[in-house]
Amino acid sequence: MAQEPIQRNLPPPKSPVYLVLLWRGEAGHWEGRIKDAKTGTEHPFSAIEELLSWLENHTQRRLA
């Protein structure tokens, strides 16, 4: 019996892809880093608000 292909939600070709690694810091707050999958550049953050701010700013720059 042939398996049906799995449909995956992949980004459109040539669109930026970011990996976000999250963990709980020593104080119990979220921290982590954002990694650009294409360039390997990493952006650390020490609060979830910093992550959201970075994503909003980066999206605004792409749309401008």
# chains A, B, ... in the order shown; residues from 1 in each chain; ligands from 1
call {"tool": "residues_around", "arguments": {"residues": "range 41-53 of chain A", "least_positions_apart": "6", "cutoff": "9 Å", "atoms": "only C-alpha atoms", "output": "VMD selection string"}}
result
chain A and resid 20 22 25 29 to 35
call {"tool": "select_by_dssp", "arguments": {"residues": "range 26-62 of chain A", "states": "strand (DSSP E or B)", "output": "list in words"}}
result
Trp30, Glu31, Gly32, Arg33, Ile34, Lys35, Asp36, Glu42, His43, Pro44 and Phe45 of chain A
call {"tool": "closest_residue", "arguments": {"among": "A:Gly40, A:Thr59, A:Trp54, A:Gln3", "to": "Leu19 in chain A", "atoms": "only C-alpha atoms"}}
result
A:Gly40
call {"tool": "select_by_dssp", "arguments": {"residues": "chain A", "states": "alpha helix (DSSP H)", "output": "list of chain:residue names"}}
result
A:Ile48, A:Glu49, A:Glu50, A:Leu51, A:Leu52, A:Ser53, A:Trp54, A:Leu55, A:Glu56, A:Asn57, A:His58, A:Thr59, A:Gln60, A:Arg61, A:Arg62, A:Leu63
call {"tool": "residues_around", "arguments": {"residues": "Val17 in chain A", "least_positions_apart": "6", "cutoff": "10 Å", "atoms": "only C-alpha atoms", "output": "number ranges by chain"}}
result
A: 10-11, 35-39
call {"tool": "atom_distance", "arguments": {"atom1": "CA of Pro16 in chain A", "atom2": "CA of His58 in chain A"}}
result
10.4 Å
call {"tool": "atom_distance", "arguments": {"atom1": "CA of Glu56 in chain A", "atom2": "CA of Glu26 in chain A"}}
result
26.4 Å
